$ cat coords18.cif   # mmCIF, C-alpha atoms and all ligand atoms
data_input
#
loop_
_atom_site.group_PDB
_atom_site.id
_atom_site.type_symbol
_atom_site.label_atom_id
_atom_site.label_comp_id
_atom_site.auth_asym_id
_atom_site.auth_seq_id
_atom_site.Cartn_x
_atom_site.Cartn_y
_atom_site.Cartn_z
ATOM 1 C CA MET A 1 -22.226 8.961 19.574
ATOM 2 C CA SER A 2 -23.635 11.477 17.105
ATOM 3 C CA ASP A 3 -22.074 13.929 14.656
ATOM 4 C CA ILE A 4 -24.348 16.778 15.691
ATOM 5 C CA LEU A 5 -25.319 17.567 19.288
ATOM 6 C CA VAL A 6 -28.237 19.845 20.133
ATOM 7 C CA THR A 7 -28.040 20.634 23.838
ATOM 8 C CA GLU A 8 -31.048 22.928 24.329
ATOM 9 C CA ASN A 9 -34.641 23.193 23.190
ATOM 10 C CA ILE A 10 -34.274 24.340 19.582
ATOM 11 C CA GLN A 11 -37.223 23.182 17.524
ATOM 12 C CA GLY A 12 -38.650 23.847 14.087
ATOM 13 C CA ALA A 13 -39.119 22.430 10.613
ATOM 14 C CA SER A 14 -35.427 22.845 9.681
ATOM 15 C CA MET A 15 -34.393 20.984 12.824
ATOM 16 C CA ILE A 16 -36.739 18.107 11.965
ATOM 17 C CA ARG A 17 -35.199 17.949 8.470
ATOM 18 C CA LEU A 18 -31.694 18.046 9.969
ATOM 19 C CA ILE A 19 -32.579 15.163 12.296
ATOM 20 C CA ASP A 20 -34.034 13.211 9.332
ATOM 21 C CA ASP A 21 -31.011 13.791 7.106
ATOM 22 C CA LEU A 22 -28.020 13.681 9.440
ATOM 23 C CA ASP A 23 -26.781 11.998 12.591
ATOM 24 C CA VAL A 24 -28.240 14.319 15.250
ATOM 25 C CA GLU A 25 -28.649 13.819 18.987
ATOM 26 C CA PHE A 26 -31.300 16.219 20.301
ATOM 27 C CA ASP A 27 -31.472 16.535 24.082
ATOM 28 C CA ALA A 28 -33.014 19.765 25.344
ATOM 29 C CA TYR A 29 -31.533 19.223 28.823
ATOM 30 C CA LEU A 30 -28.039 18.053 27.916
ATOM 31 C CA TRP A 31 -26.637 21.505 28.814
ATOM 32 C CA GLN A 32 -27.416 20.689 32.469
ATOM 33 C CA ASN A 33 -25.153 17.620 32.584
ATOM 34 C CA ARG A 34 -21.626 18.819 31.800
ATOM 35 C CA ASP A 35 -19.960 15.423 32.309
ATOM 36 C CA LEU A 36 -22.294 13.639 29.916
ATOM 37 C CA LEU A 37 -22.036 16.503 27.458
ATOM 38 C CA LYS A 38 -18.232 16.306 27.510
ATOM 39 C CA GLN A 39 -18.405 12.565 26.866
ATOM 40 C CA LYS A 40 -20.730 13.041 23.906
ATOM 41 C CA LEU A 41 -18.559 15.821 22.520
ATOM 42 C CA GLN A 42 -15.656 13.366 22.000
ATOM 43 C CA ASP A 43 -17.021 12.478 18.539
ATOM 44 C CA ALA A 44 -19.215 15.469 17.734
ATOM 45 C CA LYS A 45 -18.537 17.563 14.638
ATOM 46 C CA ALA A 46 -21.212 20.186 15.328
ATOM 47 C CA LEU A 47 -22.657 21.629 18.521
ATOM 48 C CA ILE A 48 -25.927 23.582 18.428
ATOM 49 C CA VAL A 49 -26.745 25.650 21.530
ATOM 50 C CA ARG A 50 -28.939 28.455 22.741
ATOM 51 C CA ASN A 51 -27.747 30.635 25.648
ATOM 52 C CA GLN A 52 -27.614 28.153 28.520
ATOM 53 C CA THR A 53 -24.790 25.886 27.388
ATOM 54 C CA GLN A 54 -21.577 27.509 28.575
ATOM 55 C CA VAL A 55 -19.211 26.719 25.711
ATOM 56 C CA ASN A 56 -15.942 27.522 27.454
ATOM 57 C CA GLN A 57 -12.367 26.238 26.985
ATOM 58 C CA GLU A 58 -13.059 23.120 29.050
ATOM 59 C CA LEU A 59 -15.954 22.129 26.803
ATOM 60 C CA ILE A 60 -14.115 22.964 23.598
ATOM 61 C CA ASP A 61 -11.113 20.884 24.747
ATOM 62 C CA ALA A 62 -13.467 17.928 25.204
ATOM 63 C CA ALA A 63 -14.437 18.138 21.527
ATOM 64 C CA PRO A 64 -11.435 17.251 19.348
ATOM 65 C CA GLN A 65 -13.565 16.649 16.207
ATOM 66 C CA LEU A 66 -15.653 19.796 16.492
ATOM 67 C CA GLN A 67 -15.947 21.877 13.301
ATOM 68 C CA ILE A 68 -18.765 24.272 14.167
ATOM 69 C CA ILE A 69 -20.452 25.777 17.220
ATOM 70 C CA ALA A 70 -23.837 27.146 16.180
ATOM 71 C CA ARG A 71 -25.475 29.600 18.570
ATOM 72 C CA ALA A 72 -29.215 29.832 18.020
ATOM 73 C CA GLY A 73 -29.508 33.480 19.014
ATOM 74 C CA VAL A 74 -27.684 36.757 18.845
ATOM 75 C CA GLY A 75 -25.639 37.016 22.073
ATOM 76 C CA LEU A 76 -22.321 35.165 21.972
ATOM 77 C CA ASP A 77 -21.518 35.761 25.633
ATOM 78 C CA ASN A 78 -21.862 32.034 26.450
ATOM 79 C CA VAL A 79 -19.361 30.975 23.772
ATOM 80 C CA ASP A 80 -15.597 31.454 24.038
ATOM 81 C CA THR A 81 -15.304 32.485 20.404
ATOM 82 C CA ASP A 82 -11.609 33.426 20.610
ATOM 83 C CA TYR A 83 -10.651 29.999 21.896
ATOM 84 C CA ALA A 84 -12.897 28.238 19.374
ATOM 85 C CA HIS A 85 -11.272 30.195 16.543
ATOM 86 C CA GLU A 86 -7.800 29.334 17.917
ATOM 87 C CA LYS A 87 -8.824 25.681 17.613
ATOM 88 C CA GLY A 88 -10.031 26.232 14.038
ATOM 89 C CA ILE A 89 -13.704 25.840 14.947
ATOM 90 C CA THR A 90 -16.273 27.980 13.125
ATOM 91 C CA VAL A 91 -18.650 29.880 15.396
ATOM 92 C CA CYS A 92 -21.908 30.961 13.808
ATOM 93 C CA PHE A 93 -24.859 32.802 15.306
ATOM 94 C CA THR A 94 -28.086 34.401 14.114
ATOM 95 C CA PRO A 95 -27.463 38.145 14.228
ATOM 96 C CA ASP A 96 -30.579 39.307 12.391
ATOM 97 C CA ALA A 97 -33.041 36.511 13.006
ATOM 98 C CA ASN A 98 -34.643 37.731 16.216
ATOM 99 C CA SER A 99 -33.829 41.459 16.386
ATOM 100 C CA LEU A 100 -37.302 42.524 15.289
ATOM 101 C CA SER A 101 -38.989 40.369 17.928
ATOM 102 C CA VAL A 102 -36.781 41.849 20.644
ATOM 103 C CA ALA A 103 -37.577 45.367 19.427
ATOM 104 C CA GLU A 104 -41.304 44.605 19.433
ATOM 105 C CA LEU A 105 -41.232 43.193 22.967
ATOM 106 C CA THR A 106 -39.373 46.293 24.153
ATOM 107 C CA ILE A 107 -42.154 48.494 22.777
ATOM 108 C CA GLY A 108 -44.741 46.167 24.324
ATOM 109 C CA LEU A 109 -43.087 46.446 27.732
ATOM 110 C CA MET A 110 -42.886 50.219 27.401
ATOM 111 C CA LEU A 111 -46.613 50.443 26.647
ATOM 112 C CA ALA A 112 -47.398 48.034 29.461
ATOM 113 C CA LEU A 113 -45.370 50.116 31.926
ATOM 114 C CA LEU A 114 -46.657 53.521 30.891
ATOM 115 C CA ARG A 115 -50.295 52.381 30.662
ATOM 116 C CA LYS A 116 -50.040 50.162 33.794
ATOM 117 C CA ILE A 117 -51.568 47.268 31.850
ATOM 118 C CA PRO A 118 -50.465 44.377 34.129
ATOM 119 C CA GLU A 119 -51.688 46.114 37.319
ATOM 120 C CA ALA A 120 -54.975 47.102 35.686
ATOM 121 C CA ARG A 121 -55.509 43.531 34.510
ATOM 122 C CA GLN A 122 -54.739 42.114 37.946
ATOM 123 C CA ASP A 123 -57.071 44.587 39.661
ATOM 124 C CA THR A 124 -59.891 43.893 37.191
ATOM 125 C CA LEU A 125 -59.511 40.132 37.634
ATOM 126 C CA THR A 126 -59.997 40.542 41.365
ATOM 127 C CA GLY A 127 -63.239 42.481 40.929
ATOM 128 C CA GLY A 128 -61.931 46.051 40.688
ATOM 129 C CA TRP A 129 -63.060 48.716 38.192
ATOM 130 C CA ASN A 130 -60.617 51.498 39.069
ATOM 131 C CA ARG A 131 -60.304 53.652 36.009
ATOM 132 C CA LEU A 132 -58.616 56.691 37.568
ATOM 133 C CA LYS A 133 -56.132 54.589 39.502
ATOM 134 C CA PHE A 134 -54.741 53.305 36.226
ATOM 135 C CA THR A 135 -54.277 56.638 34.525
ATOM 136 C CA GLY A 136 -51.103 56.284 32.474
ATOM 137 C CA SER A 137 -48.918 58.391 30.186
ATOM 138 C CA GLU A 138 -48.702 58.678 26.407
ATOM 139 C CA LEU A 139 -45.515 57.830 24.548
ATOM 140 C CA ASN A 140 -45.961 60.779 22.204
ATOM 141 C CA GLY A 141 -43.529 63.598 22.985
ATOM 142 C CA LYS A 142 -41.584 61.573 25.560
ATOM 143 C CA THR A 143 -37.848 60.959 25.268
ATOM 144 C CA PHE A 144 -36.684 57.421 24.540
ATOM 145 C CA GLY A 145 -33.067 56.854 25.638
ATOM 146 C CA LEU A 146 -31.216 53.897 24.197
ATOM 147 C CA ILE A 147 -28.147 52.524 25.891
ATOM 148 C CA GLY A 148 -26.654 50.828 22.828
ATOM 149 C CA MET A 149 -27.972 51.455 19.348
ATOM 150 C CA GLY A 150 -26.902 48.468 17.281
ATOM 151 C CA ARG A 151 -29.272 46.297 15.263
ATOM 152 C CA ILE A 152 -31.892 45.791 17.975
ATOM 153 C CA GLY A 153 -31.569 49.316 19.363
ATOM 154 C CA SER A 154 -32.102 50.843 15.908
ATOM 155 C CA LEU A 155 -35.187 48.741 15.201
ATOM 156 C CA THR A 156 -36.593 49.690 18.605
ATOM 157 C CA ALA A 157 -35.822 53.377 18.091
ATOM 158 C CA THR A 158 -37.608 53.378 14.713
ATOM 159 C CA ARG A 159 -40.710 51.986 16.384
ATOM 160 C CA ALA A 160 -40.491 54.408 19.317
ATOM 161 C CA ARG A 161 -40.152 57.276 16.837
ATOM 162 C CA ALA A 162 -43.338 56.101 15.097
ATOM 163 C CA PHE A 163 -45.096 56.717 18.426
ATOM 164 C CA GLY A 164 -43.843 60.313 18.339
ATOM 165 C CA MET A 165 -41.015 59.833 20.825
ATOM 166 C CA ASN A 166 -37.770 61.826 20.726
ATOM 167 C CA ILE A 167 -34.729 59.599 20.358
ATOM 168 C CA ILE A 168 -31.445 59.928 22.229
ATOM 169 C CA ALA A 169 -28.726 57.282 22.375
ATOM 170 C CA ALA A 170 -25.538 56.602 24.312
ATOM 171 C CA ASP A 171 -23.280 54.239 22.420
ATOM 172 C CA PRO A 172 -19.471 54.329 22.290
ATOM 173 C CA TYR A 173 -19.538 52.706 18.839
ATOM 174 C CA LEU A 174 -21.969 55.165 17.241
ATOM 175 C CA ALA A 175 -20.973 58.360 15.388
ATOM 176 C CA SER A 176 -23.060 61.459 16.050
ATOM 177 C CA ASP A 177 -23.839 61.669 12.310
ATOM 178 C CA ALA A 178 -24.714 57.958 11.975
ATOM 179 C CA PRO A 179 -27.583 57.530 9.449
ATOM 180 C CA ALA A 180 -29.521 55.408 11.977
ATOM 181 C CA LEU A 181 -29.678 58.468 14.273
ATOM 182 C CA LYS A 182 -30.108 61.135 11.596
ATOM 183 C CA GLU A 183 -33.090 59.382 10.023
ATOM 184 C CA LEU A 184 -34.853 59.475 13.385
ATOM 185 C CA ASN A 185 -33.826 63.006 14.202
ATOM 186 C CA GLY A 186 -31.986 61.450 17.116
ATOM 187 C CA ARG A 187 -29.079 62.745 19.205
ATOM 188 C CA LEU A 188 -25.962 61.015 20.463
ATOM 189 C CA VAL A 189 -25.453 61.856 24.152
ATOM 190 C CA SER A 190 -23.301 60.703 27.049
ATOM 191 C CA LEU A 191 -24.693 58.070 29.401
ATOM 192 C CA ASP A 192 -25.067 60.706 32.126
ATOM 193 C CA GLU A 193 -27.029 63.004 29.813
ATOM 194 C CA LEU A 194 -29.220 60.116 28.709
ATOM 195 C CA LEU A 195 -30.081 59.099 32.256
ATOM 196 C CA ALA A 196 -30.938 62.677 33.183
ATOM 197 C CA GLU A 197 -33.089 63.362 30.100
ATOM 198 C CA ALA A 198 -34.894 60.157 29.118
ATOM 199 C CA ASP A 199 -38.451 59.319 30.140
ATOM 200 C CA VAL A 200 -37.803 55.716 29.151
ATOM 201 C CA VAL A 201 -34.310 54.250 29.341
ATOM 202 C CA SER A 202 -33.958 51.071 27.305
ATOM 203 C CA CYS A 203 -30.860 48.906 27.438
ATOM 204 C CA HIS A 204 -29.672 47.228 24.216
ATOM 205 C CA SER A 205 -26.085 46.560 25.123
ATOM 206 C CA PRO A 206 -24.279 43.267 24.504
ATOM 207 C CA LEU A 207 -22.688 41.573 27.502
ATOM 208 C CA THR A 208 -18.899 42.035 27.424
ATOM 209 C CA PRO A 209 -16.277 42.331 30.184
ATOM 210 C CA THR A 210 -16.733 46.134 29.944
ATOM 211 C CA THR A 211 -20.528 46.133 30.140
ATOM 212 C CA ARG A 212 -20.889 43.555 32.938
ATOM 213 C CA LYS A 213 -22.668 45.331 35.850
ATOM 214 C CA MET A 214 -22.305 48.569 33.890
ATOM 215 C CA LEU A 215 -25.561 50.030 35.285
ATOM 216 C CA THR A 216 -25.429 50.539 39.036
ATOM 217 C CA TYR A 217 -27.421 52.271 41.777
ATOM 218 C CA GLN A 218 -25.546 55.503 40.932
ATOM 219 C CA HIS A 219 -26.838 55.336 37.364
ATOM 220 C CA PHE A 220 -30.446 54.591 38.306
ATOM 221 C CA SER A 221 -30.294 57.442 40.838
ATOM 222 C CA GLN A 222 -29.600 59.869 38.004
ATOM 223 C CA MET A 223 -32.885 59.018 36.272
ATOM 224 C CA LYS A 224 -35.957 61.242 36.463
ATOM 225 C CA PRO A 225 -38.272 60.054 39.271
ATOM 226 C CA ASP A 226 -41.089 59.482 36.775
ATOM 227 C CA ALA A 227 -38.889 57.641 34.243
ATOM 228 C CA CYS A 228 -38.839 53.895 33.555
ATOM 229 C CA PHE A 229 -36.084 51.418 32.796
ATOM 230 C CA ILE A 230 -36.405 48.507 30.361
ATOM 231 C CA ASN A 231 -33.901 45.724 29.811
ATOM 232 C CA THR A 232 -34.288 43.220 26.974
ATOM 233 C CA SER A 233 -30.539 42.749 26.421
ATOM 234 C CA ARG A 234 -28.602 40.850 29.071
ATOM 235 C CA GLY A 235 -29.382 40.780 32.786
ATOM 236 C CA GLU A 236 -25.735 40.871 33.806
ATOM 237 C CA VAL A 237 -25.365 44.366 32.349
ATOM 238 C CA VAL A 238 -27.348 45.580 35.367
ATOM 239 C CA ASP A 239 -26.340 45.445 39.015
ATOM 240 C CA GLU A 240 -29.751 44.145 40.073
ATOM 241 C CA SER A 241 -29.343 45.027 43.762
ATOM 242 C CA GLY A 242 -28.594 48.628 42.721
ATOM 243 C CA LEU A 243 -31.742 48.734 40.600
ATOM 244 C CA ILE A 244 -33.820 47.317 43.473
ATOM 245 C CA GLN A 245 -32.459 49.924 45.892
ATOM 246 C CA ALA A 246 -33.147 52.731 43.408
ATOM 247 C CA LEU A 247 -36.721 51.468 42.873
ATOM 248 C CA LEU A 248 -37.311 51.214 46.631
ATOM 249 C CA GLU A 249 -36.082 54.796 47.038
ATOM 250 C CA HIS A 250 -38.339 55.971 44.155
ATOM 251 C CA LYS A 251 -35.366 57.236 42.159
ATOM 252 C CA LEU A 252 -37.257 55.962 39.091
ATOM 253 C CA ALA A 253 -40.912 55.108 38.559
ATOM 254 C CA GLY A 254 -40.734 51.535 37.305
ATOM 255 C CA ALA A 255 -38.914 48.872 35.373
ATOM 256 C CA ALA A 256 -39.540 46.051 32.924
ATOM 257 C CA LEU A 257 -36.981 43.266 32.871
ATOM 258 C CA ASP A 258 -37.014 40.437 30.369
ATOM 259 C CA VAL A 259 -33.508 39.398 31.376
ATOM 260 C CA ARG A 260 -32.013 38.865 34.825
ATOM 261 C CA GLU A 261 -28.657 38.725 36.547
ATOM 262 C CA THR A 262 -29.220 35.006 37.197
ATOM 263 C CA GLU A 263 -31.544 32.976 34.972
ATOM 264 C CA PRO A 264 -33.800 31.529 36.163
ATOM 265 C CA PRO A 265 -33.752 34.126 38.971
ATOM 266 C CA GLU A 266 -33.913 33.490 42.697
ATOM 267 C CA GLN A 267 -36.684 34.998 44.833
ATOM 268 C CA SER A 268 -36.306 38.760 44.624
ATOM 269 C CA PRO A 269 -37.919 41.918 46.060
ATOM 270 C CA LEU A 270 -38.683 42.743 42.402
ATOM 271 C CA ASN A 271 -41.398 40.053 42.478
ATOM 272 C CA GLN A 272 -43.376 42.118 44.989
ATOM 273 C CA MET A 273 -43.099 45.482 43.231
ATOM 274 C CA GLU A 274 -46.266 46.670 41.493
ATOM 275 C CA ASN A 275 -44.324 48.999 39.230
ATOM 276 C CA VAL A 276 -42.096 46.215 37.892
ATOM 277 C CA ILE A 277 -42.887 43.875 34.995
ATOM 278 C CA LEU A 278 -40.896 40.652 34.833
ATOM 279 C CA THR A 279 -40.842 38.256 31.868
ATOM 280 C CA PRO A 280 -38.725 35.096 31.444
ATOM 281 C CA HIS A 281 -36.268 36.139 28.672
ATOM 282 C CA ILE A 282 -38.902 35.806 25.960
ATOM 283 C CA ALA A 283 -37.922 38.720 23.722
ATOM 284 C CA ALA A 284 -36.679 36.429 20.955
ATOM 285 C CA PHE A 285 -39.486 33.939 21.375
ATOM 286 C CA THR A 286 -41.907 34.528 18.560
ATOM 287 C CA VAL A 287 -42.910 31.912 16.022
ATOM 288 C CA GLU A 288 -41.372 33.985 13.239
ATOM 289 C CA ALA A 289 -38.050 34.710 14.942
ATOM 290 C CA GLN A 290 -37.547 31.144 16.093
ATOM 291 C CA GLU A 291 -38.218 29.845 12.602
ATOM 292 C CA ARG A 292 -35.552 32.201 11.227
ATOM 293 C CA VAL A 293 -33.137 31.275 14.037
ATOM 294 C CA VAL A 294 -33.512 27.531 13.460
ATOM 295 C CA ASP A 295 -33.325 27.869 9.650
ATOM 296 C CA SER A 296 -30.134 29.866 9.993
ATOM 297 C CA VAL A 297 -28.269 27.536 12.394
ATOM 298 C CA CYS A 298 -29.317 24.391 10.526
ATOM 299 C CA GLU A 299 -28.153 25.856 7.229
ATOM 300 C CA ASP A 300 -24.778 26.853 8.642
ATOM 301 C CA VAL A 301 -24.265 23.440 10.222
ATOM 302 C CA ARG A 302 -25.083 21.719 6.922
ATOM 303 C CA LEU A 303 -22.671 24.031 5.059
ATOM 304 C CA VAL A 304 -19.728 23.486 7.390
ATOM 305 C CA LEU A 305 -20.224 19.713 7.600
ATOM 306 C CA SER A 306 -20.199 19.581 3.799
ATOM 307 C CA GLY A 307 -16.905 21.466 3.673
ATOM 308 C CA LYS A 308 -18.324 24.892 2.817
ATOM 309 C CA PRO A 309 -18.027 28.135 4.827
ATOM 310 C CA ALA A 310 -20.831 29.149 7.165
ATOM 311 C CA ILE A 311 -22.832 32.296 6.343
ATOM 312 C CA ASN A 312 -23.493 33.903 9.721
ATOM 313 C CA VAL A 313 -20.093 34.071 11.385
HETATM 314 C C1 LIG B 1 -30.452 36.008 21.992
HETATM 315 O O1 LIG B 1 -29.332 36.247 22.435
HETATM 316 O O2 LIG B 1 -30.644 35.657 20.840
HETATM 317 C C2 LIG B 1 -31.644 36.118 22.865
HETATM 318 O O3 LIG B 1 -31.379 36.728 24.059
HETATM 319 C C3 LIG B 1 -32.319 34.801 23.069
HETATM 320 C C4 LIG B 1 -31.417 33.721 23.568
HETATM 321 O O4 LIG B 1 -30.441 33.968 24.257
HETATM 322 O O5 LIG B 1 -31.675 32.573 23.239
#

$ encode --input "coords18.cif" --output "structure tokens" --more "lines below"
Ligand code: MLT
Amino acid sequence: MSDILVTENIQGASMIRLIDDLDVEFDAYLWQNRDLLKQKLQDAKALIVRNQTQVNQELIDAAPQLQIIARAGVGLDNVDTDYAHEKGITVCFTPDANSLSVAELTIGLMLALLRKIPEARQDTLTGGWNRLKFTGSELNGKTFGLIGMGRIGSLTATRARAFGMNIIAADPYLASDAPALKELNGRLVSLDELLAEADVVSCHSPLTPTTRKMLTYQHFSQMKPDACFINTSRGEVVDESGLIQALLEHKLAGAALDVRETEPPEQSPLNQMENVILTPHIAAFTVEAQERVVDSVCEDVRLVLSGKPAINV
């Protein structure tokens, strides 16, 4: 049995050093075998996960020696942090490490949607040369509506603003005079106003009991028929069947989803929709972000196991 368990695919130079220096068991698929994982947790002092290991009460109870749960990523929705804290276990995550990459993918998806890049590529590959068919829209002068304007939302808004977009945001935790908004000449609006006004609606909300299935058919029906929806946050924030129905009824023009209600997703009508771009939760997956993520979790694990406090808690 090892001191440190890594239950998902978390690679990088810092991880190699951690494996060289300390007693680490690295098994990228261990998250899939709960019984084995619970057995191995009996002696573990540190657990390093991404987003697929569900670190709930049952798992925490199986780990009497555990000192730290390190989440390689920003969302803590798969970790019962309250219960871990009750048990005196440190929970660390990587709040800043991948925000920029998520923001950049959001902009990439927006450009791909508005310029119809995936459809144009597909058509060209199959022998087409249909220039007029793939006439798109510019970002300049359009309204970018953010549902949630925390770290990732703000970085995305800054980039959207650089394209000449007008920024509006709906966020219960944001003040109307927040510097992040003022600097971008942005406006705080209600969710209803945002859905009615935005040309691109981009979701940057964390998954919490309040935000689960927060966006339903009724919400998508309020969007402008030529507007698009992008989600690079958490799939469970969206009622996917409601989005599908709204797309089928042309209540909105298209969608780009990096995250899904179930991951990996089942077969879905979304797969057949030309105006929908689907990617496999890759927003945080850049060389740079993953290096920062792995550096950060490895450092915090080393700190806690040497009796010092973790940095990113
Ligand atoms: C995150 O929460 O950091 C990203 O969604 C990527 C991940 O879950 O691993």

$ atom_distance --input "coords18.cif" --atom1 "atom CA of A:Asp199" --atom2 "atom CA of A:Thr143"
5.2 Å

$ atom_distance --input "coords18.cif" --atom1 "atom CA of A:Ala198" --atom2 "atom CA of A:Met165"
10.3 Å

$ closest_residue --input "coords18.cif" --among "A:Val294, A:Ala28, A:Leu36, A:Val259" --to "ligand LIG 1 (chain B)" --atoms "all atoms listed in the file"
A:Val259

$ resolve_selection --input "coords18.cif" --expression "the PyMOL selection byres (((chain A and resi 228) around 7) and not hetatm)" --output "PDB file with C-alpha atoms, keeping the file's coordinate frame"
ATOM      1  CA  ASP A 199     -38.451  59.319  30.140  1.00  0.00           C
ATOM      2  CA  VAL A 200     -37.803  55.716  29.151  1.00  0.00           C
ATOM      3  CA  VAL A 201     -34.310  54.250  29.341  1.00  0.00           C
ATOM      4  CA  ASP A 226     -41.089  59.482  36.775  1.00  0.00           C
ATOM      5  CA  ALA A 227     -38.889  57.641  34.243  1.00  0.00           C
ATOM      6  CA  PHE A 229     -36.084  51.418  32.796  1.00  0.00           C
ATOM      7  CA  ILE A 230     -36.405  48.507  30.361  1.00  0.00           C
ATOM      8  CA  LEU A 252     -37.257  55.962  39.091  1.00  0.00           C
ATOM      9  CA  ALA A 253     -40.912  55.108  38.559  1.00  0.00           C
ATOM     10  CA  GLY A 254     -40.734  51.535  37.305  1.00  0.00           C
ATOM     11  CA  ALA A 255     -38.914  48.872  35.373  1.00  0.00           C
TER      12      ALA A 255
END

$ residues_around --input "coords18.cif" --residues "A:Leu215" --least-positions-apart "5" --cutoff "9 Å" --atoms "all atoms listed in the file" --output "PDB file with C-alpha atoms, in the frame of the given file"
ATOM      1  CA  PHE A 220     -30.446  54.591  38.306  1.00  0.00           C
ATOM      2  CA  VAL A 237     -25.365  44.366  32.349  1.00  0.00           C
ATOM      3  CA  VAL A 238     -27.348  45.580  35.367  1.00  0.00           C
ATOM      4  CA  ASP A 239     -26.340  45.445  39.015  1.00  0.00           C
ATOM      5  CA  GLU A 240     -29.751  44.145  40.073  1.00  0.00           C
ATOM      6  CA  GLY A 242     -28.594  48.628  42.721  1.00  0.00           C
ATOM      7  CA  LEU A 243     -31.742  48.734  40.600  1.00  0.00           C
TER       8      LEU A 243
END

$ residues_around --input "coords18.cif" --residues "A:Leu105" --least-positions-apart "3" --cutoff "9 Å" --atoms "all atoms listed in the file" --output "list of chain:residue names"
A:Leu100, A:Ser101, A:Val102, A:Gly108, A:Leu109, A:Met110, A:Thr232, A:Asp258, A:Ile282, A:Ala283, A:Ala284

$ residues_around --input "coords18.cif" --residues "stretch 48-51 of chain A" --least-positions-apart "4" --cutoff "9 Å" --atoms "only C-alpha atoms" --output "number ranges by chain"
A: 4-10, 31, 55, 68-73, 75-79, 297-298, 301

$ residues_around --input "coords18.cif" --residues "A:Tyr173" --least-positions-apart "3" --cutoff "10 Å" --atoms "all atoms listed in the file" --output "PDB file with C-alpha atoms, in the coordinates of the input"
ATOM      1  CA  GLY A 148     -26.654  50.828  22.828  1.00  0.00           C
ATOM      2  CA  MET A 149     -27.972  51.455  19.348  1.00  0.00           C
ATOM      3  CA  GLY A 150     -26.902  48.468  17.281  1.00  0.00           C
ATOM      4  CA  ALA A 170     -25.538  56.602  24.312  1.00  0.00           C
ATOM      5  CA  SER A 176     -23.060  61.459  16.050  1.00  0.00           C
TER       6      SER A 176
END

$ residues_around --input "coords18.cif" --residues "A:Ile117" --least-positions-apart "5" --cutoff "10 Å" --atoms "all atoms listed in the file" --output "list of chain:residue names"
A:Leu109, A:Leu111, A:Ala112, A:Gln122, A:Asp123, A:Phe134, A:Gly136, A:Ile277

$ atom_distance --input "coords18.cif" --atom1 "atom C1 of ligand LIG 1 (chain B)" --atom2 "atom CA of A:His204"
11.5 Å

$ closest_residue --input "coords18.cif" --among "A:Asn231, A:Ser202, A:Ser241, A:Thr81" --to "ligand LIG 1 (chain B)" --atoms "all atoms listed in the file"
A:Asn231

$ residues_near_point --input "coords18.cif" --point "(-31.6, 57.7, 45.9)" --cutoff "10 Å" --atoms "all atoms listed in the file" --output "PyMOL selection string"
chain A and resi 217-218+220-223+225+245-252

$ write_last_selection --input "coords18.cif" --atoms "C-alpha atoms" --output "mmCIF file, keeping the file's coordinate frame"
data_model
loop_
_atom_site.group_PDB
_atom_site.id
_atom_site.type_symbol
_atom_site.label_atom_id
_atom_site.label_comp_id
_atom_site.auth_asym_id
_atom_site.auth_seq_id
_atom_site.Cartn_x
_atom_site.Cartn_y
_atom_site.Cartn_z
ATOM 1 C CA TYR A 217 -27.421 52.271 41.777
ATOM 2 C CA GLN A 218 -25.546 55.503 40.932
ATOM 3 C CA PHE A 220 -30.446 54.591 38.306
ATOM 4 C CA SER A 221 -30.294 57.442 40.838
ATOM 5 C CA GLN A 222 -29.600 59.869 38.004
ATOM 6 C CA MET A 223 -32.885 59.018 36.272
ATOM 7 C CA PRO A 225 -38.272 60.054 39.271
ATOM 8 C CA GLN A 245 -32.459 49.924 45.892
ATOM 9 C CA ALA A 246 -33.147 52.731 43.408
ATOM 10 C CA LEU A 247 -36.721 51.468 42.873
ATOM 11 C CA LEU A 248 -37.311 51.214 46.631
ATOM 12 C CA GLU A 249 -36.082 54.796 47.038
ATOM 13 C CA HIS A 250 -38.339 55.971 44.155
ATOM 14 C CA LYS A 251 -35.366 57.236 42.159
ATOM 15 C CA LEU A 252 -37.257 55.962 39.091
#

$ resolve_selection --input "coords18.cif" --expression "the PyMOL selection byres (((chain A and resi 61) around 10) and not hetatm)" --output "list of chain:residue names"
A:Lys38, A:Leu41, A:Gln42, A:Asn56, A:Gln57, A:Glu58, A:Leu59, A:Ile60, A:Ala62, A:Ala63, A:Pro64, A:Gln65, A:Leu66, A:Tyr83, A:Ala84, A:Lys87

$ closest_residue --input "coords18.cif" --among "A:Ala178, A:Ala13, A:Ala44, A:Ala97" --to "A:Val293" --atoms "all atoms listed in the file"
A:Ala97

$ closest_residue --input "coords18.cif" --among "A:Pro209, A:Gly88, A:Pro280, A:Gly145" --to "ligand LIG 1 (chain B)" --atoms "all atoms listed in the file"
A:Pro280

$ closest_residue --input "coords18.cif" --among "A:Gln32, A:Thr211, A:Asn312, A:Thr106" --to "A:Thr279" --atoms "only C-alpha atoms"
A:Thr106

$ resolve_selection --input "coords18.cif" --expression "the PyMOL selection byres (((chain A and resi 156) around 8) and not hetatm)" --output "list in words"
Leu100, Ala103, Glu104, Thr106, Ile107, Ile152, Gly153, Ser154, Leu155, Ala157, Thr158, Arg159 and Ala160 of chain A

$ axis_aligned_box --input "coords18.cif" --around "ligand LIG 1 (chain B)" --padding-each-side "6 Å" --output "JSON"
{"center_x": -30.8, "center_y": 34.7, "center_z": 22.5, "size_x": 15.0, "size_y": 16.2, "size_z": 15.4}
